[in-house]
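Report on one structure; see the data block that follows.
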Amino acid sequence: MISEKMKNIMQSGSAIRAMFEEGKKLAEIYGKENVFDFSLGNPSVPAPKAVNEAISSVTANTDELRLHGYMLNSGFESTRQAIADSLNKKYGAGFGYKNIIMTVGAAGGLNVALKSIVNEGDEVIVFAPYFGEYNNYISNVGGKIIVIPPAPPHFLPDLDAMEKAIGKKTKAVIINSPNNPTGVVYGENTLEKLGNILKKQSIKKGEAIYLISDEPYRELVYDGAKAPFLTKYYSNVIIGYSYSKSLSLPGERIGYLAIPDEAEDSENLLSACSVATRILGFVNAPSLQQLVIEKCVDTATDVSVYDENRRLLYGALTELGFECIKPQGAFYLFVKSPIAEEEFIAAAKRHNILVVGGKSFACEGYVRIAYCVSYDMIKKSLSAFKKLAEETLSKK
């Protein structure tokens, strides 16, 4: 018999994955070219040429025992140093290799971080809308999730509400910028205020409140926007990063945690994260991918492709009458449902459009549209969106 906790997780499921599976079924019925699947944040831009060149170089020129063997749980020192050097150059950080822990993607990194700091019953604050898997990550370590309600139409974090929610059991706050699902980028003023609140509340509490920053979309920004680096605003920060989006490598599961020396008890925290990597069953991040990243640490995906998609879809949907904040980052539109969310999703499906409900992100009444798809698919979908608008906007 499976555990009661897993039964609950299986029942709640993942609406994103469920919609993705639904898309495969519809494609078999209507043909893939006639199904407009905007459900999954799966990059449509191929990995940069430099990545495949690095794979060839690494496999051809690396001793096989190093290429496929174990290393320290925290990763190859050379890879970690390359990442530290890159962050120092880009953001003026003061990292060395010891500040970097290689992880199995951003998800693996967040689980490692939470396992390292959260005691049974500790509270972790998140801002809705948020990536729904945070619920499981936090419950997995015996923590309690505290959800700050969404703040439309701008969807910036409600920091006053966060400050009121901080209590004796507060251990961490998770932020995600650029944000999934809204595409909102948290600017300097927001992060400075956030840092000041956490400094004040940490002193009041008598111990650090950690700020966990989930940053898989850091490089995916548009219109001149920038995603500021957190160490400038707060010292007790744990930065989780993934190359899934920036290098179009979601299936390779490679990322890192970055923890500054200035973080409270940083030496023990880094050691704990290294041990957590092992005891959670990852043991270490994939050796081949670490060595590839070492060669591609400053390589970037061409975000202009996503920007073209963003401009086309945002312009078309708002012209049709749908309400949506213009995203500054990531590759999602968060569209207000003109009718009840489930009815709208069902109506979209009748037109072979697949989207994910805002309820999955603790923000009912919206849908997420992932525009990391082909430009041609978006163009072809516009007639279906027009029919959806005609069917639903009149019912507002």
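Quick note on naming: the chains in the structure tokens go A, B, ... in the order shown, residues restart at 1 in each chain, and ligands are numbered from 1 in order of appearance.
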
Exercise. From segment 128-254 of chain A, collect each residue whose DSSP state is strand (DSSP E) and return the set as a VMD selection string.
Key: chain A and resid 144 to 148 170 to 176 210 to 214 237 to 242

Using only C-alpha atoms, find each residue in segment 312-357 of chain A having at least one atom no more than 6 Å away from segment 179-192 of chain A; report its shortest atom-to-atom pair and that distance in Å (one decimal), rows by chain then rising number, as a Markdown table.
| residue | atom | partner | partner_atom | distance |
| --- | --- | --- | --- | --- |
| A:Pro327 | CA | A:Gly183 | CA | 4.3 |
| A:Gln328 | CA | A:Val184 | CA | 5.7 |
| A:Gly329 | CA | A:Gly183 | CA | 4.8 |
| A:Ala330 | CA | A:Gly183 | CA | 5.2 |
| A:Tyr332 | CA | A:Gly183 | CA | 5.8 |
| A:Phe334 | CA | A:Thr182 | CA | 5.0 |

key: Contacts of Glu215 of chain A at 8 Å (only C-alpha atoms; same-chain gap of 2+ positions) as a ChimeraX atom specification   = /A:106,176-178,213,217-218,239-242

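The coordinates place atom CA of Ile83 of chain A at 24.3 Å from atom CA of Ser304 of chain A.
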
Residue with the minimum atom-to-atom distance to Glu219 of chain A, picked from A:Glu341, A:Glu262, A:Asp298, A:Glu391 with only C-alpha atoms counted, is A:Asp298

Contacts of segment 361-368 of chain A within 8 Å, only C-alpha atoms, excl. fewer than 4 positions in-chain, as a list in words |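 The residues that qualify are Ser39, Ala128, Pro129, Tyr130, Phe131, Gly132, Pro149, Pro150, Pro181, Thr182, Tyr332, Leu333, Phe334, Val335, Lys336, Ser337, Ile339, Ala340, Glu341, Ile345, Val355, Val356 and Gly357 of chain A.
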
query = In terms of the shortest atom-to-atom distance over only C-alpha atoms, which of A:Glu264, A:Tyr256, A:Pro250, A:Gly315 is closest to Pro46 of chain A?
reply =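 Residue with the minimum atom-to-atom distance to Pro46 of chain A: A:Pro250.
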
- request: Tell me which protein, DNA and RNA residues are within 6 Å of Pro48 of chain A, counting only C-alpha atoms, leaving out same-chain ones fewer than 2 positions away, and put them as a PyMOL selection string.
  value: chain A and resi 50-51+301
